[in-house]
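Novice: One structure follows; several queries about it will come next.
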Amino acid sequence: MGVQVSDGRVPGPGGPEAARVLAGMLGDPLAGYVRLAARYGDAVRVPFAPRRSWFVLSRPEHAEHVLAVNQDGYVKAFTYRPLRALVGNGLLTSEGEMWRKHRRLIQPVFSRRDATGFGPQMAAAAQRLASRWAGLADGSLIDAAREMSRLTLEIVGVALFGADLADDAGQLSRAMSIGQRVAVLTTFLPIAWGPVSTRAVRAAARRLGGTAEGIEGPASRLIAARRAGAQPARSSGDLLDVLLRARAQDGEPLTDGEICDEVATFMLAGHETSANALTWSLALLSAYPAARGRLEEELAAVLPDRDPAAADVPRLPWTRAVVSEALRLYPPAWTIERDALADDDVAGTPVPAGSMVAISPYLVHRHPGFWSDPAGFDPSRFLPGGDGDIATRHRYAFIPFGGGRRACVGASFAELETVLVLATIARRFRLELTARGMPAPVAQVTLRPGQKLPMRLRHR
C-alpha cells in the first residue's frame, strides 16, 4: 500500500501505489477513475512526475470552475498530444488563436436554429437504415455498434461534407478504433513530442489498423473533389463549403492542411459520440423493458403513421429523456483533461501550476450528492421535477458536451440526430441484447460498449 500524501488537503495514493495506479490506467482507465474516487473522494491527487500531479475531480463545482469560471487558466492537457498526432490540429485539439479563429468560423454552422436544417438529411439516413433492416428476417443478429457507427458516419458525410462516405466506412472505422487505442497507450509514454514522434504515432496507428492513409486520406479526397467541382455542396453553406471559403483576418484562406484537420476531426468527433449515444440507448432500452414500452407509447401517440421530422422532436419528451439518461450514464466524452497554467483553487481544492486536472463527466454524472440512484437508468429524472431537470439541477451536474467556451460545437446537431434516429428505429423495431445485463464500457478516447454489440432484431 502506498502512503497517503497530500497537496494541501488533497488525498491520493503515493509512492509505489501511485505508480501502480498510473500503470493501470493503460489497461482500464475508467476503472482506475472509479477506484480513485471510491477510495479518496471527490478530489484526488496522483503524483506522476517530479513536482507534477494529476488531479481527478468529480463534483459539478469542479467542472464549472475549470471549464467555465477560470477556463482561461487552463489549456488542453498533454494527454491530447497523441490524438493531435492522429487527427491533426482541429477544434478538438488546437489551442490559442488558431482555435478561436476556427471556432468563430464553424460555430454558425451548428447554431441551434441552423442545426435544425440538417433534420431532413438525418431523417432520410435513418429511414434508409430502417428500410434495409425491414428486409432482414425477424430475429436476425446485428452488430448494433457497427450499424450505429455506419449510420452516423453517413449522416456526417452527407450533412457536413455533401459526400457519400460508404466506400470509406470500413477504413475509417478501423482507423478510428485503432487510433483511439494508440492514443490511450501513448498518452503517458516518455515521448519528446514533435514532428518525428507525431509521424511515428500516426504510422503505428495506420499499420495496426491495416490502412495506408488513416483518417486524413478520405478527408483530403473530400477537399480535392470539392475544389475540382466533382463533389458540389448538397446544401448551401455546409461545413466543407464554410472552411473552403473562409478567410483569415489577413485575408488569407485556410490552408488545405488546416481544412483537412477540421474535416478529420469532425469525421471522428462528429460521428463517434452520436454512434455511442445511440448504441447505449438501444442497449438500455433492451435492459429496461418498461422504459422501452413508454417510448413506444409516446411514438404511437405522436407519430402513429409516419417517421419523425425535426419539428416533432419537441413533442417527444420521453425519447429525449431516454437519450439524456444514456448520455448521463455513459457519456461519450468520459474525461476532459486540462493543464493548469498557474496556481489555482478549484472549489476548495488547491491545484499547483503545471498540474493536470481531469474532470470526468462519468463521475460527475454519477455523483450521489446530485443524482438519486445514480447508477440506475431512469429517464424520468430528465422530465420536469426530476433531479435532471435543467430548471433545478446544478448547471454542471450534466456535462455530456463539456462546458464553457470549449463546449462541443456540435451539441445541437448531436441532440437532434440521436432523437430522430432513435425514434425512427423504435417505431419499427425492437433490439434485444443477446447476453444478460449491460455490456461493460470500454474507455478509450470515447466510452464505447466494446468493439461489437450483438443484438437481435425484432420487427414490431
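Naming works like this for the C-alpha cells: A, B, ... for the chains as they're shown, residue 1 at the start of each chain, ligands 1 onward in shown order.
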Leaving out region 402-411 of chain A and any residue of its chain fewer than 5 positions from it, which residues lie within 10 Å of it when counting only C-alpha atoms, given as a VMD selection string?
Specialist: chain A and resid 63 to 72 91 to 92 99 to 100 103 106 to 112 115 266 269 to 270 274 333 to 336 359 to 361 395 to 396 416 to 417
Novice: Using only C-alpha atoms, which residues sit within 8 Å of Leu299 (chain A) once same-chain residues fewer than 3 positions away are excluded, as a list in words?
Specialist: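 That gives Leu295, Glu296, Val302, Leu303, Pro304, Leu316, Ala423 and Arg427 of chain A.
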Novice: For Ala290 (chain A), which residue among A:Pro317, A:Pro11, A:Pro379, A:Gly170 is the nearest when counting only C-alpha atoms?
Specialist: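 Of A:Pro317, A:Pro11, A:Pro379, A:Gly170, the one nearest Ala290 (chain A) is A:Pro379, counting only C-alpha atoms.
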Novice: Between CA of Gln451 (chain A) and CA of Leu239 (chain A), measure the distance and give it in Å to one decimal.
Specialist: 29.1 Å
Novice: Could you pull the residues within 9 Å of Glu154 (chain A), counting only C-alpha atoms, minus those fewer than 3 positions along the same chain, as a list in words?
Specialist: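 After dropping sequence-adjacent residues, the list is Met122, Ala125, Ser149, Arg150, Leu151, Gly157, Val158, Ala159, Ala163, Asp164, Leu165, Ala166, Ala169 and His271 of chain A.
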Novice: Given the selection you just returned, output its residues as a file containing N, CA and C atoms, formatted as a JSON list (two decimals), in the first residue's frame.
Specialist:
```
[["chain", "number", "residue", "atom", "x", "y", "z"],
["A", 122, "MET", "N", -30.73, 13.90, -41.75],
["A", 122, "MET", "CA", -30.66, 12.91, -40.67],
["A", 122, "MET", "C", -31.83, 11.93, -40.77],
["A", 125, "ALA", "N", -31.47, 9.46, -43.71],
["A", 125, "ALA", "CA", -30.48, 8.41, -43.45],
["A", 125, "ALA", "C", -31.05, 7.36, -42.51],
["A", 149, "SER", "N", -22.50, 3.20, -35.96],
["A", 149, "SER", "CA", -21.31, 3.90, -36.45],
["A", 149, "SER", "C", -21.43, 4.22, -37.93],
["A", 150, "ARG", "N", -21.87, 3.24, -38.72],
["A", 150, "ARG", "CA", -22.02, 3.47, -40.16],
["A", 150, "ARG", "C", -23.09, 4.52, -40.44],
["A", 151, "LEU", "N", -24.18, 4.47, -39.67],
["A", 151, "LEU", "CA", -25.26, 5.44, -39.88],
["A", 151, "LEU", "C", -24.82, 6.85, -39.56],
["A", 157, "GLY", "N", -21.20, 12.62, -43.31],
["A", 157, "GLY", "CA", -20.75, 12.79, -44.68],
["A", 157, "GLY", "C", -21.72, 13.61, -45.51],
["A", 158, "VAL", "N", -22.98, 13.27, -45.45],
["A", 158, "VAL", "CA", -23.98, 13.96, -46.28],
["A", 158, "VAL", "C", -24.24, 15.36, -45.76],
["A", 159, "ALA", "N", -24.44, 15.50, -44.45],
["A", 159, "ALA", "CA", -24.85, 16.78, -43.89],
["A", 159, "ALA", "C", -23.73, 17.81, -43.87],
["A", 163, "ALA", "N", -21.09, 14.46, -49.03],
["A", 163, "ALA", "CA", -20.41, 13.32, -49.62],
["A", 163, "ALA", "C", -20.96, 12.01, -49.09],
["A", 164, "ASP", "N", -20.87, 10.99, -49.91],
["A", 164, "ASP", "CA", -21.22, 9.63, -49.52],
["A", 164, "ASP", "C", -19.94, 8.95, -49.05],
["A", 165, "LEU", "N", -19.87, 8.65, -47.76],
["A", 165, "LEU", "CA", -18.68, 8.05, -47.18],
["A", 165, "LEU", "C", -18.78, 6.53, -47.06],
["A", 166, "ALA", "N", -19.77, 5.94, -47.72],
["A", 166, "ALA", "CA", -20.00, 4.50, -47.58],
["A", 166, "ALA", "C", -18.77, 3.69, -47.98],
["A", 169, "ALA", "N", -16.24, 3.73, -45.21],
["A", 169, "ALA", "CA", -16.70, 3.45, -43.85],
["A", 169, "ALA", "C", -15.84, 2.42, -43.14],
["A", 271, "HIS", "N", -19.18, 11.81, -35.59],
["A", 271, "HIS", "CA", -20.00, 10.59, -35.68],
["A", 271, "HIS", "C", -19.78, 9.66, -34.50]]
```
Novice: Taking into account only C-alpha atoms, which residue in the set A:Leu282, A:Thr265, A:Asp378, A:Ala18 is nearest to Asp143 (chain A)?
Specialist: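 Among the listed residues, the smallest separation from Asp143 (chain A) belongs to A:Leu282.
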Novice: Find, counting only C-alpha atoms, the residue in A:Ala353, A:Phe398, A:Val442, A:Asp305 that gets nearest to Arg328 (chain A).
Specialist: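 With only C-alpha atoms as the atom set, the closest residue is A:Phe398.
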Novice: From the set A:Pro29, A:Gly135, A:Pro60, A:Gly15, which residue has the shortest atom-to-atom contact distance to Gly369 (chain A), counting only C-alpha atoms?
Specialist: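 Looking at the shortest contact to Gly369 (chain A), the residue is A:Pro60.
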Novice: Can you measure CA of Arg84 (chain A) to CA of Lys101 (chain A) for me? One decimal in Å is fine.
Specialist: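 Separating CA of Arg84 (chain A) from CA of Lys101 (chain A) is a distance of 17.8 Å.
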Novice: Restricting the calculation to only C-alpha atoms: of A:Glu272, A:Phe429, A:Leu383, A:Ala358, which residue gets closest to Val346 (chain A)?
Specialist: A:Ala358
Novice: Between A:Ala342, A:Leu136, A:Leu26, A:Cys260, single out the one closest to Phe161 (chain A), counting only C-alpha atoms.
Specialist: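 Among the listed residues, the smallest separation from Phe161 (chain A) belongs to A:Cys260.
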Novice: Got a sec: who's within 9 Å of Ala37 (chain A), counting only C-alpha atoms, leaving out chain neighbours fewer than 5 positions off, as a ChimeraX atom specification?
Specialist: /A:32,42-44,56-58,363
Novice: Mind listing the strand (DSSP E or B) residues of region 7-88 of chain A, per DSSP on the backbone, as a VMD selection string?
Specialist: chain A and resid 7 10 43 to 49 52 to 57 74 to 76
Novice: Just want the 12 Å neighbourhood of Ser131 (chain A), counted on only C-alpha atoms, with same-chain residues fewer than 6 positions away dropped. Output as a count of residues only.
Specialist: 8
